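Taking it in order: structure first as C-alpha coordinates, then the write-up.
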Amino acid sequence: MDTYLSAARDLVVEGMRESRVALSADLEYHLASTLARYMHRPLAPDRLTVRLMDAASRRARQGESRQIGDECLISCAFFSARLVRQGGTIVHYAGLGQAAYAVAGMPDIASGFPDMLDVLQASRPQVEERRLSRADGTGAAPEADGDDRKILIISSRFRH
(Lines give C-alpha, C1' and ligand atoms only; values in the text may rest on other atoms or scores of the structure.)
Protein backbone atom coordinates (compact mmCIF):
# COMPACT_ATOMS: atom_id res chain seq x y z
CA MET A 1 0.00 0.00 0.00
CA ASP A 2 2.92 2.37 0.66
CA THR A 3 3.92 2.25 -3.02
CA TYR A 4 0.41 3.19 -4.09
CA LEU A 5 0.21 5.97 -1.52
CA SER A 6 3.55 7.39 -2.64
CA ALA A 7 2.47 7.38 -6.30
CA ALA A 8 -0.90 8.88 -5.42
CA ARG A 9 0.72 11.60 -3.34
CA ASP A 10 2.99 12.45 -6.28
CA LEU A 11 -0.13 12.86 -8.46
CA VAL A 12 -1.78 15.08 -5.86
CA VAL A 13 1.31 17.27 -5.42
CA GLU A 14 1.65 17.62 -9.21
CA GLY A 15 -2.05 18.41 -9.50
CA MET A 16 -1.78 21.09 -6.83
CA ARG A 17 1.17 22.61 -8.65
CA GLU A 18 -0.56 22.54 -12.04
CA SER A 19 -3.92 23.78 -10.77
CA ARG A 20 -2.43 26.27 -8.31
CA VAL A 21 -4.85 24.97 -5.70
CA ALA A 22 -3.36 24.46 -2.25
CA LEU A 23 -5.24 21.75 -0.40
CA SER A 24 -5.23 21.58 3.37
CA ALA A 25 -3.19 18.74 4.86
CA ASP A 26 -6.43 16.83 5.60
CA LEU A 27 -7.75 17.21 2.03
CA GLU A 28 -4.36 16.33 0.55
CA TYR A 29 -4.17 13.16 2.65
CA HIS A 30 -7.78 12.22 1.87
CA LEU A 31 -7.22 12.67 -1.84
CA ALA A 32 -3.93 10.74 -1.90
CA SER A 33 -5.29 7.86 0.20
CA THR A 34 -8.45 7.68 -1.95
CA LEU A 35 -6.39 7.54 -5.14
CA ALA A 36 -4.12 4.88 -3.64
CA ARG A 37 -7.12 2.75 -2.68
CA TYR A 38 -8.56 2.89 -6.18
CA MET A 39 -5.23 2.13 -7.86
CA HIS A 40 -5.73 -1.49 -6.90
CA ARG A 41 -9.49 -1.66 -6.40
CA PRO A 42 -12.20 -1.64 -9.05
CA LEU A 43 -14.27 1.51 -9.47
CA ALA A 44 -18.03 1.31 -10.05
CA PRO A 45 -19.13 4.68 -11.49
CA ASP A 46 -22.40 3.28 -12.83
CA ARG A 47 -25.60 4.09 -10.95
CA LEU A 48 -23.93 6.40 -8.44
CA THR A 49 -27.13 8.43 -7.94
CA VAL A 50 -29.23 5.34 -7.29
CA ARG A 51 -26.61 3.91 -4.94
CA LEU A 52 -26.51 7.10 -2.84
CA MET A 53 -30.30 7.38 -2.67
CA ASP A 54 -30.53 3.74 -1.64
CA ALA A 55 -27.82 4.17 1.01
CA ALA A 56 -29.54 7.28 2.40
CA SER A 57 -32.97 5.64 2.51
CA ARG A 58 -31.65 2.59 4.37
CA ARG A 59 -29.51 4.77 6.62
CA ALA A 60 -26.49 2.80 5.50
CA ARG A 61 -23.25 2.95 7.38
CA GLN A 62 -21.01 5.95 6.83
CA GLY A 63 -18.41 3.90 4.95
CA GLU A 64 -20.80 3.17 2.11
CA SER A 65 -21.62 6.86 1.62
CA ARG A 66 -17.93 7.73 1.77
CA GLN A 67 -17.20 5.12 -0.90
CA ILE A 68 -19.83 6.70 -3.16
CA GLY A 69 -18.27 10.14 -2.55
CA ASP A 70 -14.83 8.76 -3.39
CA GLU A 71 -16.13 7.14 -6.58
CA CYS A 72 -17.85 10.38 -7.62
CA LEU A 73 -14.61 12.30 -7.08
CA ILE A 74 -12.48 9.93 -9.14
CA SER A 75 -15.17 9.43 -11.80
CA CYS A 76 -15.63 13.19 -12.29
CA ALA A 77 -11.89 13.64 -12.70
CA PHE A 78 -10.98 10.67 -14.86
CA PHE A 79 -14.19 9.23 -16.33
CA SER A 80 -16.24 12.33 -17.11
CA ALA A 81 -17.10 11.19 -20.64
CA ARG A 82 -18.54 7.96 -19.25
CA LEU A 83 -20.67 9.85 -16.73
CA VAL A 84 -21.98 12.18 -19.42
CA ARG A 85 -22.84 9.21 -21.67
CA GLN A 86 -24.95 7.90 -18.79
CA GLY A 87 -27.04 11.04 -19.09
CA GLY A 88 -25.65 13.15 -16.26
CA THR A 89 -23.44 16.17 -16.01
CA ILE A 90 -20.21 16.64 -14.11
CA VAL A 91 -21.97 19.27 -11.98
CA HIS A 92 -24.59 16.66 -11.01
CA TYR A 93 -22.01 14.04 -10.07
CA ALA A 94 -19.85 16.57 -8.20
CA GLY A 95 -22.91 17.60 -6.19
CA LEU A 96 -23.70 13.94 -5.61
CA GLY A 97 -20.18 13.37 -4.32
CA GLN A 98 -20.47 16.32 -1.95
CA ALA A 99 -23.82 15.00 -0.69
CA ALA A 100 -22.34 11.54 -0.17
CA TYR A 101 -19.51 12.95 1.93
CA ALA A 102 -22.00 15.02 3.94
CA VAL A 103 -24.13 11.91 4.57
CA ALA A 104 -20.95 10.11 5.66
CA GLY A 105 -20.38 12.83 8.28
CA MET A 106 -17.41 14.38 6.46
CA PRO A 107 -18.41 18.06 6.00
CA ASP A 108 -14.82 19.31 5.49
CA ILE A 109 -14.26 16.77 2.71
CA ALA A 110 -17.65 17.68 1.19
CA SER A 111 -16.80 21.38 1.09
CA GLY A 112 -13.32 20.59 -0.30
CA PHE A 113 -14.73 18.47 -3.14
CA PRO A 114 -14.41 21.20 -5.83
CA ASP A 115 -10.77 21.90 -4.93
CA MET A 116 -9.90 18.19 -4.86
CA LEU A 117 -11.59 17.77 -8.25
CA ASP A 118 -9.56 20.66 -9.69
CA VAL A 119 -6.35 19.06 -8.40
CA LEU A 120 -7.22 15.66 -9.87
CA GLN A 121 -8.20 17.13 -13.23
CA ALA A 122 -4.91 19.03 -13.36
CA SER A 123 -2.94 15.85 -12.61
CA ARG A 124 -4.37 13.71 -15.42
CA PRO A 125 -2.59 13.28 -18.76
CA GLN A 126 -3.35 15.87 -21.39
CA VAL A 127 -5.24 14.70 -24.46
CA GLU A 128 -4.80 16.74 -27.57
CA GLU A 129 -6.68 16.26 -30.80
CA ARG A 130 -4.96 17.11 -34.05
CA ARG A 131 -6.08 16.83 -37.63
CA LEU A 132 -3.69 15.33 -40.14
CA SER A 133 -4.10 15.45 -43.86
CA ARG A 134 -3.88 11.96 -45.30
CA ALA A 135 -1.24 9.86 -43.62
CA ASP A 136 1.65 12.20 -44.38
CA GLY A 137 1.70 13.78 -40.92
CA THR A 138 2.34 17.28 -42.30
CA GLY A 139 -0.71 18.82 -40.71
CA ALA A 140 -1.50 20.51 -44.01
CA ALA A 141 -5.07 21.58 -44.72
CA PRO A 142 -7.41 18.70 -45.55
CA GLU A 143 -7.72 17.90 -49.20
CA ALA A 144 -11.00 18.23 -51.06
CA ASP A 145 -11.58 14.47 -50.88
CA GLY A 146 -12.07 14.79 -47.12
CA ASP A 147 -9.52 12.10 -46.31
CA ASP A 148 -8.30 13.78 -43.17
CA ARG A 149 -7.75 11.73 -40.05
CA LYS A 150 -8.03 12.66 -36.41
CA ILE A 151 -5.45 11.39 -34.02
CA LEU A 152 -5.27 11.72 -30.29
CA ILE A 153 -1.98 12.49 -28.70
CA ILE A 154 -1.66 11.81 -25.02
CA SER A 155 1.22 13.41 -23.25
CA SER A 156 1.91 12.94 -19.61
CA ARG A 157 3.01 15.87 -17.48
CA PHE A 158 5.35 13.53 -15.66
CA ARG A 159 8.60 13.47 -17.56
CA HIS A 160 11.63 11.92 -15.97
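We label chains A, B, ... in the order they appear in the C-alpha coordinates, count residues from 1 in each chain, and number ligands from 1 in the order shown.
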Residues near stretch 26-42 of chain A, cut-off 6 Å, only C-alpha atoms, skip fewer than 3 positions along chain, as a PDB file with N, CA and C atoms, in the first residue's frame:
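As written to disk, selection_35.pdb reads:
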ATOM      1  N   TYR A   4       1.559   2.513  -3.503  1.00  0.00           N
ATOM      2  CA  TYR A   4       0.405   3.191  -4.088  1.00  0.00           C
ATOM      3  C   TYR A   4       0.224   4.576  -3.486  1.00  0.00           C
ATOM      4  N   LEU A   5       0.377   4.688  -2.185  1.00  0.00           N
ATOM      5  CA  LEU A   5       0.208   5.967  -1.517  1.00  0.00           C
ATOM      6  C   LEU A   5       1.264   6.972  -1.975  1.00  0.00           C
ATOM      7  N   ALA A   8       0.279   8.030  -5.477  1.00  0.00           N
ATOM      8  CA  ALA A   8      -0.905   8.881  -5.417  1.00  0.00           C
ATOM      9  C   ALA A   8      -0.545  10.267  -4.879  1.00  0.00           C
ATOM     10  N   ARG A   9       0.310  10.310  -3.888  1.00  0.00           N
ATOM     11  CA  ARG A   9       0.724  11.604  -3.341  1.00  0.00           C
ATOM     12  C   ARG A   9       1.463  12.420  -4.395  1.00  0.00           C
ATOM     13  N   LEU A  23      -4.328  22.488  -1.265  1.00  0.00           N
ATOM     14  CA  LEU A  23      -5.238  21.754  -0.399  1.00  0.00           C
ATOM     15  C   LEU A  23      -4.724  21.774   1.037  1.00  0.00           C
TER      16      LEU A  23
END
Open item on the list: Excluding A:Ala102 and its own-chain neighbours fewer than 6 positions away, which residues fall within 10 Å of it when counting only C-alpha atoms? Please give them as a list of chain:residue names.
Closed with: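 Result of the neighbour search: A:Gln62, A:Ser65, A:Arg66, A:Gly69, A:Leu96, A:Asp108, A:Ile109, A:Ala110, A:Ser111.
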Output of the above residues as a JSON list (two decimals), in the first residue's frame, restricted to all heavy atoms:
[["chain", "number", "residue", "atom", "x", "y", "z"],
["A", 62, "GLN", "N", -21.74, 4.81, 7.39],
["A", 62, "GLN", "CA", -21.01, 5.95, 6.83],
["A", 62, "GLN", "C", -20.01, 5.53, 5.75],
["A", 62, "GLN", "O", -19.79, 6.25, 4.80],
["A", 62, "GLN", "CB", -20.28, 6.70, 7.93],
["A", 62, "GLN", "CG", -21.21, 7.45, 8.84],
["A", 62, "GLN", "CD", -20.46, 8.20, 9.93],
["A", 62, "GLN", "OE1", -19.36, 7.83, 10.31],
["A", 62, "GLN", "NE2", -21.07, 9.25, 10.43],
["A", 65, "SER", "N", -21.45, 5.51, 2.19],
["A", 65, "SER", "CA", -21.62, 6.86, 1.62],
["A", 65, "SER", "C", -20.27, 7.46, 1.26],
["A", 65, "SER", "O", -20.13, 8.11, 0.22],
["A", 65, "SER", "CB", -22.35, 7.77, 2.61],
["A", 65, "SER", "OG", -23.67, 7.32, 2.80],
["A", 66, "ARG", "N", -19.27, 7.22, 2.09],
["A", 66, "ARG", "CA", -17.93, 7.73, 1.77],
["A", 66, "ARG", "C", -17.43, 7.09, 0.48],
["A", 66, "ARG", "O", -16.84, 7.77, -0.36],
["A", 66, "ARG", "CB", -16.95, 7.42, 2.90],
["A", 66, "ARG", "CG", -15.56, 7.90, 2.53],
["A", 66, "ARG", "CD", -14.49, 7.41, 3.42],
["A", 66, "ARG", "NE", -13.21, 7.77, 2.82],
["A", 66, "ARG", "CZ", -12.10, 7.88, 3.50],
["A", 66, "ARG", "NH1", -12.08, 7.65, 4.78],
["A", 66, "ARG", "NH2", -10.99, 8.20, 2.88],
["A", 69, "GLY", "N", -18.92, 8.83, -2.38],
["A", 69, "GLY", "CA", -18.27, 10.14, -2.55],
["A", 69, "GLY", "C", -16.92, 10.01, -3.23],
["A", 69, "GLY", "O", -16.59, 10.77, -4.15],
["A", 96, "LEU", "N", -23.41, 15.25, -6.21],
["A", 96, "LEU", "CA", -23.70, 13.94, -5.61],
["A", 96, "LEU", "C", -22.56, 13.50, -4.70],
["A", 96, "LEU", "O", -22.79, 13.01, -3.59],
["A", 96, "LEU", "CB", -23.92, 12.91, -6.72],
["A", 96, "LEU", "CG", -24.27, 11.50, -6.30],
["A", 96, "LEU", "CD1", -25.66, 11.46, -5.68],
["A", 96, "LEU", "CD2", -24.23, 10.58, -7.51],
["A", 108, "ASP", "N", -16.02, 18.64, 6.02],
["A", 108, "ASP", "CA", -14.82, 19.31, 5.49],
["A", 108, "ASP", "C", -14.43, 18.73, 4.13],
["A", 108, "ASP", "O", -14.02, 19.47, 3.23],
["A", 108, "ASP", "CB", -13.65, 19.18, 6.46],
["A", 108, "ASP", "CG", -13.89, 19.95, 7.75],
["A", 108, "ASP", "OD1", -14.77, 20.84, 7.77],
["A", 108, "ASP", "OD2", -13.21, 19.64, 8.75],
["A", 109, "ILE", "N", -14.56, 17.42, 3.99],
["A", 109, "ILE", "CA", -14.26, 16.77, 2.71],
["A", 109, "ILE", "C", -15.31, 17.18, 1.68],
["A", 109, "ILE", "O", -14.99, 17.47, 0.52],
["A", 109, "ILE", "CB", -14.20, 15.23, 2.87],
["A", 109, "ILE", "CG1", -13.16, 14.82, 3.92],
["A", 109, "ILE", "CG2", -13.94, 14.56, 1.53],
["A", 109, "ILE", "CD1", -11.74, 15.20, 3.60],
["A", 110, "ALA", "N", -16.58, 17.26, 2.10],
["A", 110, "ALA", "CA", -17.65, 17.68, 1.19],
["A", 110, "ALA", "C", -17.40, 19.09, 0.66],
["A", 110, "ALA", "O", -17.51, 19.33, -0.55],
["A", 110, "ALA", "CB", -19.00, 17.60, 1.89],
["A", 111, "SER", "N", -17.03, 20.00, 1.55],
["A", 111, "SER", "CA", -16.80, 21.38, 1.09],
["A", 111, "SER", "C", -15.51, 21.50, 0.27],
["A", 111, "SER", "O", -15.38, 22.40, -0.55],
["A", 111, "SER", "CB", -16.78, 22.35, 2.27],
["A", 111, "SER", "OG", -15.69, 22.09, 3.11]]
Open item on the list: Rounded to one decimal, what separation in Å do you get between atom CA of A:Gly88 and atom CA of A:Arg17?
Closed with: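 Between atom CA of A:Gly88 and atom CA of A:Arg17 the gap works out to 29.4 Å.
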Open item on the list: Residues near stretch 10-15 of chain A, anyone? I mean within 7 Å using only C-alpha atoms, not counting same-chain ones fewer than 2 positions away, as a PyMOL selection string.
Closed with: chain A and resi 6-8+17-19+32+119-120+122-123
Hey, can you spit out that residue selection with N, CA and C atoms as a PDB file, in the first residue's frame?
ATOM      1  N   SER A   6       2.478   6.513  -2.159  1.00  0.00           N
ATOM      2  CA  SER A   6       3.545   7.392  -2.643  1.00  0.00           C
ATOM      3  C   SER A   6       3.241   7.895  -4.052  1.00  0.00           C
ATOM      4  N   ALA A   7       2.817   6.990  -4.928  1.00  0.00           N
ATOM      5  CA  ALA A   7       2.473   7.378  -6.299  1.00  0.00           C
ATOM      6  C   ALA A   7       1.269   8.325  -6.317  1.00  0.00           C
ATOM      7  N   ALA A   8       0.279   8.030  -5.477  1.00  0.00           N
ATOM      8  CA  ALA A   8      -0.905   8.881  -5.417  1.00  0.00           C
ATOM      9  C   ALA A   8      -0.545  10.267  -4.879  1.00  0.00           C
ATOM     10  N   ARG A  17       0.262  21.690  -7.962  1.00  0.00           N
ATOM     11  CA  ARG A  17       1.174  22.615  -8.650  1.00  0.00           C
ATOM     12  C   ARG A  17       0.552  23.109  -9.949  1.00  0.00           C
ATOM     13  N   GLU A  18       0.022  22.184 -10.734  1.00  0.00           N
ATOM     14  CA  GLU A  18      -0.556  22.542 -12.037  1.00  0.00           C
ATOM     15  C   GLU A  18      -1.817  23.392 -11.900  1.00  0.00           C
ATOM     16  N   SER A  19      -2.652  23.063 -10.933  1.00  0.00           N
ATOM     17  CA  SER A  19      -3.924  23.780 -10.773  1.00  0.00           C
ATOM     18  C   SER A  19      -3.783  25.046  -9.941  1.00  0.00           C
ATOM     19  N   ALA A  32      -4.997  11.704  -1.606  1.00  0.00           N
ATOM     20  CA  ALA A  32      -3.932  10.739  -1.898  1.00  0.00           C
ATOM     21  C   ALA A  32      -4.326   9.335  -1.456  1.00  0.00           C
ATOM     22  N   VAL A 119      -7.692  19.642  -8.517  1.00  0.00           N
ATOM     23  CA  VAL A 119      -6.351  19.063  -8.399  1.00  0.00           C
ATOM     24  C   VAL A 119      -6.254  17.774  -9.215  1.00  0.00           C
ATOM     25  N   LEU A 120      -7.249  16.916  -9.104  1.00  0.00           N
ATOM     26  CA  LEU A 120      -7.222  15.661  -9.874  1.00  0.00           C
ATOM     27  C   LEU A 120      -7.263  15.929 -11.370  1.00  0.00           C
ATOM     28  N   ALA A 122      -6.198  18.462 -12.950  1.00  0.00           N
ATOM     29  CA  ALA A 122      -4.909  19.025 -13.365  1.00  0.00           C
ATOM     30  C   ALA A 122      -3.812  17.970 -13.399  1.00  0.00           C
ATOM     31  N   SER A 123      -3.987  16.873 -12.672  1.00  0.00           N
ATOM     32  CA  SER A 123      -2.938  15.845 -12.613  1.00  0.00           C
ATOM     33  C   SER A 123      -3.063  14.785 -13.703  1.00  0.00           C
TER      34      SER A 123
END
- [ ] For stretch 78-81 of chain A, list every protein, DNA or RNA residue within 7 Å, evaluated using only C-alpha atoms, and leave out those in the same chain fewer than 4 positions away; present the list as a ChimeraX atom specification.
- [x] /A:74,85,90
Could you pull out the residues in stretch 63-134 of chain A that DSSP calls alpha helix (DSSP H) from the backbone, as a CSV table (one decimal) with N, CA, C and O atoms, in the first residue's frame?
chain,number,residue,atom,x,y,z
A,63,GLY,N,-19.4,4.4,5.9
A,63,GLY,CA,-18.4,3.9,5.0
A,63,GLY,C,-19.0,3.7,3.6
A,63,GLY,O,-18.3,4.0,2.6
A,64,GLU,N,-20.2,3.3,3.4
A,64,GLU,CA,-20.8,3.2,2.1
A,64,GLU,C,-21.0,4.5,1.4
A,64,GLU,O,-20.7,4.7,0.2
A,65,SER,N,-21.5,5.5,2.2
A,65,SER,CA,-21.6,6.9,1.6
A,65,SER,C,-20.3,7.5,1.3
A,65,SER,O,-20.1,8.1,0.2
A,66,ARG,N,-19.3,7.2,2.1
A,66,ARG,CA,-17.9,7.7,1.8
A,66,ARG,C,-17.4,7.1,0.5
A,66,ARG,O,-16.8,7.8,-0.4
A,67,GLN,N,-17.6,5.8,0.3
A,67,GLN,CA,-17.2,5.1,-0.9
A,67,GLN,C,-17.9,5.7,-2.1
A,67,GLN,O,-17.2,6.0,-3.1
A,68,ILE,N,-19.1,6.1,-2.0
A,68,ILE,CA,-19.8,6.7,-3.2
A,68,ILE,C,-19.2,8.1,-3.4
A,68,ILE,O,-19.0,8.5,-4.6
A,69,GLY,N,-18.9,8.8,-2.4
A,69,GLY,CA,-18.3,10.1,-2.6
A,69,GLY,C,-16.9,10.0,-3.2
A,69,GLY,O,-16.6,10.8,-4.2
A,70,ASP,N,-16.1,9.0,-2.8
A,70,ASP,CA,-14.8,8.8,-3.4
A,70,ASP,C,-15.0,8.4,-4.9
A,70,ASP,O,-14.2,8.9,-5.7
A,71,GLU,N,-15.9,7.6,-5.2
A,71,GLU,CA,-16.1,7.1,-6.6
A,71,GLU,C,-16.6,8.3,-7.4
A,71,GLU,O,-16.2,8.4,-8.6
A,72,CYS,N,-17.4,9.2,-6.9
A,72,CYS,CA,-17.8,10.4,-7.6
A,72,CYS,C,-16.6,11.3,-7.9
A,72,CYS,O,-16.5,11.8,-9.0
A,73,LEU,N,-15.8,11.5,-6.9
A,73,LEU,CA,-14.6,12.3,-7.1
A,73,LEU,C,-13.7,11.8,-8.2
A,73,LEU,O,-13.3,12.5,-9.1
A,74,ILE,N,-13.4,10.5,-8.1
A,74,ILE,CA,-12.5,9.9,-9.1
A,74,ILE,C,-13.2,9.9,-10.5
A,74,ILE,O,-12.5,10.2,-11.5
A,75,SER,N,-14.4,9.5,-10.5
A,75,SER,CA,-15.2,9.4,-11.8
A,75,SER,C,-15.3,10.8,-12.5
A,75,SER,O,-15.1,10.9,-13.7
A,76,CYS,N,-15.6,11.8,-11.7
A,76,CYS,CA,-15.6,13.2,-12.3
A,76,CYS,C,-14.3,13.6,-12.9
A,76,CYS,O,-14.3,14.3,-13.9
A,77,ALA,N,-13.2,13.2,-12.2
A,77,ALA,CA,-11.9,13.6,-12.7
A,77,ALA,C,-11.4,12.8,-13.9
A,77,ALA,O,-10.8,13.4,-14.8
A,78,PHE,N,-11.6,11.5,-13.9
A,78,PHE,CA,-11.0,10.7,-14.9
A,78,PHE,C,-11.9,10.0,-15.8
A,78,PHE,O,-11.5,9.5,-16.9
A,80,SER,N,-15.1,11.4,-16.9
A,80,SER,CA,-16.2,12.3,-17.1
A,80,SER,C,-17.0,12.0,-18.4
A,80,SER,O,-18.3,12.1,-18.4
A,81,ALA,N,-16.4,11.5,-19.4
A,81,ALA,CA,-17.1,11.2,-20.6
A,81,ALA,C,-18.1,10.0,-20.4
A,81,ALA,O,-19.2,10.0,-20.9
A,82,ARG,N,-17.7,9.1,-19.6
A,82,ARG,CA,-18.5,8.0,-19.2
A,82,ARG,C,-19.8,8.4,-18.5
A,82,ARG,O,-20.9,8.0,-18.7
A,83,LEU,N,-19.6,9.3,-17.5
A,83,LEU,CA,-20.7,9.9,-16.7
A,83,LEU,C,-21.6,10.6,-17.6
A,83,LEU,O,-22.9,10.5,-17.5
A,84,VAL,N,-21.1,11.4,-18.5
A,84,VAL,CA,-22.0,12.2,-19.4
A,84,VAL,C,-22.8,11.2,-20.3
A,84,VAL,O,-23.9,11.5,-20.6
A,85,ARG,N,-22.1,10.2,-20.8
A,85,ARG,CA,-22.8,9.2,-21.7
A,85,ARG,C,-24.0,8.6,-20.9
A,85,ARG,O,-25.0,8.1,-21.5
A,90,ILE,N,-21.3,16.6,-15.1
A,90,ILE,CA,-20.2,16.6,-14.1
A,90,ILE,C,-20.7,17.4,-12.9
A,90,ILE,O,-20.4,17.0,-11.7
A,91,VAL,N,-21.4,18.5,-13.1
A,91,VAL,CA,-22.0,19.3,-12.0
A,91,VAL,C,-22.9,18.4,-11.1
A,91,VAL,O,-22.8,18.4,-9.9
A,92,HIS,N,-23.7,17.6,-11.8
A,92,HIS,CA,-24.6,16.7,-11.0
A,92,HIS,C,-23.8,15.7,-10.2
A,92,HIS,O,-24.0,15.5,-9.0
A,93,TYR,N,-22.8,15.0,-10.8
A,93,TYR,CA,-22.0,14.0,-10.1
A,93,TYR,C,-21.1,14.7,-9.0
A,93,TYR,O,-20.9,14.1,-8.0
A,94,ALA,N,-20.6,15.9,-9.2
A,94,ALA,CA,-19.9,16.6,-8.2
A,94,ALA,C,-20.8,16.9,-7.0
A,94,ALA,O,-20.4,16.7,-5.9
A,95,GLY,N,-22.0,17.4,-7.3
A,95,GLY,CA,-22.9,17.6,-6.2
A,95,GLY,C,-23.3,16.3,-5.5
A,95,GLY,O,-23.4,16.3,-4.2
A,96,LEU,N,-23.4,15.2,-6.2
A,96,LEU,CA,-23.7,13.9,-5.6
A,96,LEU,C,-22.6,13.5,-4.7
A,96,LEU,O,-22.8,13.0,-3.6
A,97,GLY,N,-21.3,13.7,-5.1
A,97,GLY,CA,-20.2,13.4,-4.3
A,97,GLY,C,-20.1,14.2,-3.0
A,97,GLY,O,-19.9,13.6,-2.0
A,98,GLN,N,-20.4,15.5,-3.1
A,98,GLN,CA,-20.5,16.3,-2.0
A,98,GLN,C,-21.6,15.8,-1.0
A,98,GLN,O,-21.3,15.8,0.2
A,99,ALA,N,-22.7,15.5,-1.5
A,99,ALA,CA,-23.8,15.0,-0.7
A,99,ALA,C,-23.4,13.7,0.0
A,99,ALA,O,-23.7,13.5,1.2
A,100,ALA,N,-22.8,12.8,-0.7
A,100,ALA,CA,-22.3,11.5,-0.2
A,100,ALA,C,-21.4,11.8,1.0
A,100,ALA,O,-21.5,11.1,2.0
A,101,TYR,N,-20.4,12.7,0.8
A,101,TYR,CA,-19.5,12.9,1.9
A,101,TYR,C,-20.3,13.6,3.1
A,101,TYR,O,-19.9,13.3,4.3
A,102,ALA,N,-21.2,14.4,2.9
A,102,ALA,CA,-22.0,15.0,3.9
A,102,ALA,C,-22.8,13.9,4.7
A,102,ALA,O,-22.8,13.9,5.9
A,103,VAL,N,-23.4,13.0,4.0
A,103,VAL,CA,-24.1,11.9,4.6
A,103,VAL,C,-23.2,11.0,5.4
A,103,VAL,O,-23.6,10.5,6.5
A,107,PRO,N,-18.1,16.8,6.6
A,107,PRO,CA,-18.4,18.1,6.0
A,107,PRO,C,-17.2,18.8,5.4
A,107,PRO,O,-17.3,19.5,4.4
A,108,ASP,N,-16.0,18.6,6.0
A,108,ASP,CA,-14.8,19.3,5.5
A,108,ASP,C,-14.4,18.7,4.1
A,108,ASP,O,-14.0,19.5,3.2
A,109,ILE,N,-14.6,17.4,4.0
A,109,ILE,CA,-14.3,16.8,2.7
A,109,ILE,C,-15.3,17.2,1.7
A,109,ILE,O,-15.0,17.5,0.5
A,110,ALA,N,-16.6,17.3,2.1
A,110,ALA,CA,-17.7,17.7,1.2
A,110,ALA,C,-17.4,19.1,0.7
A,110,ALA,O,-17.5,19.3,-0.5
A,111,SER,N,-17.0,20.0,1.5
A,111,SER,CA,-16.8,21.4,1.1
A,111,SER,C,-15.5,21.5,0.3
A,111,SER,O,-15.4,22.4,-0.6
A,112,GLY,N,-14.6,20.6,0.5
A,112,GLY,CA,-13.3,20.6,-0.3
A,112,GLY,C,-13.4,19.9,-1.6
A,112,GLY,O,-12.4,19.8,-2.4
A,113,PHE,N,-14.6,19.3,-1.9
A,113,PHE,CA,-14.7,18.5,-3.1
A,113,PHE,C,-14.3,19.2,-4.4
A,113,PHE,O,-13.6,18.7,-5.2
A,114,PRO,N,-14.8,20.5,-4.6
A,114,PRO,CA,-14.4,21.2,-5.8
A,114,PRO,C,-12.9,21.4,-6.0
A,114,PRO,O,-12.4,21.2,-7.1
A,115,ASP,N,-12.2,21.7,-4.9
A,115,ASP,CA,-10.8,21.9,-4.9
A,115,ASP,C,-10.1,20.6,-5.2
A,115,ASP,O,-9.1,20.5,-6.0
A,116,MET,N,-10.5,19.5,-4.6
A,116,MET,CA,-9.9,18.2,-4.9
A,116,MET,C,-10.1,17.8,-6.3
A,116,MET,O,-9.2,17.2,-7.0
A,117,LEU,N,-11.3,18.1,-6.8
A,117,LEU,CA,-11.6,17.8,-8.2
A,117,LEU,C,-10.7,18.6,-9.2
A,117,LEU,O,-10.1,18.0,-10.1
A,118,ASP,N,-10.5,19.8,-8.9
A,118,ASP,CA,-9.6,20.7,-9.7
A,118,ASP,C,-8.1,20.1,-9.7
A,118,ASP,O,-7.5,20.0,-10.7
A,119,VAL,N,-7.7,19.6,-8.5
A,119,VAL,CA,-6.4,19.1,-8.4
A,119,VAL,C,-6.3,17.8,-9.2
A,119,VAL,O,-5.3,17.6,-10.0
A,120,LEU,N,-7.2,16.9,-9.1
A,120,LEU,CA,-7.2,15.7,-9.9
A,120,LEU,C,-7.3,15.9,-11.4
A,120,LEU,O,-6.5,15.3,-12.1
A,121,GLN,N,-8.1,16.8,-11.8
A,121,GLN,CA,-8.2,17.1,-13.2
A,121,GLN,C,-6.9,17.7,-13.7
A,121,GLN,O,-6.5,17.4,-14.9
A,122,ALA,N,-6.2,18.5,-12.9
A,122,ALA,CA,-4.9,19.0,-13.4
A,122,ALA,C,-3.8,18.0,-13.4
A,122,ALA,O,-2.8,18.1,-14.1
A,123,SER,N,-4.0,16.9,-12.7
A,123,SER,CA,-2.9,15.8,-12.6
A,123,SER,C,-3.1,14.8,-13.7
A,123,SER,O,-2.1,14.0,-13.9
TODO: Take atom CA of A:Met106 and atom CA of A:Met16 and report the distance between them in Å, one decimal.
DONE: 21.6 Å
Open item on the list: Ranking A:Thr49, A:Asp2, A:Gly105, A:Val21 by minimum distance to A:Gly87 and counting only C-alpha atoms, which one comes first?
Closed with: A:Thr49
- [ ] May I ask for the distance between atom CA of A:Arg51 and atom CA of A:Ala104, given in Å to one decimal place?
- [x]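 Computing the Euclidean distance for atom CA of A:Arg51 and atom CA of A:Ala104 yields 13.5 Å.
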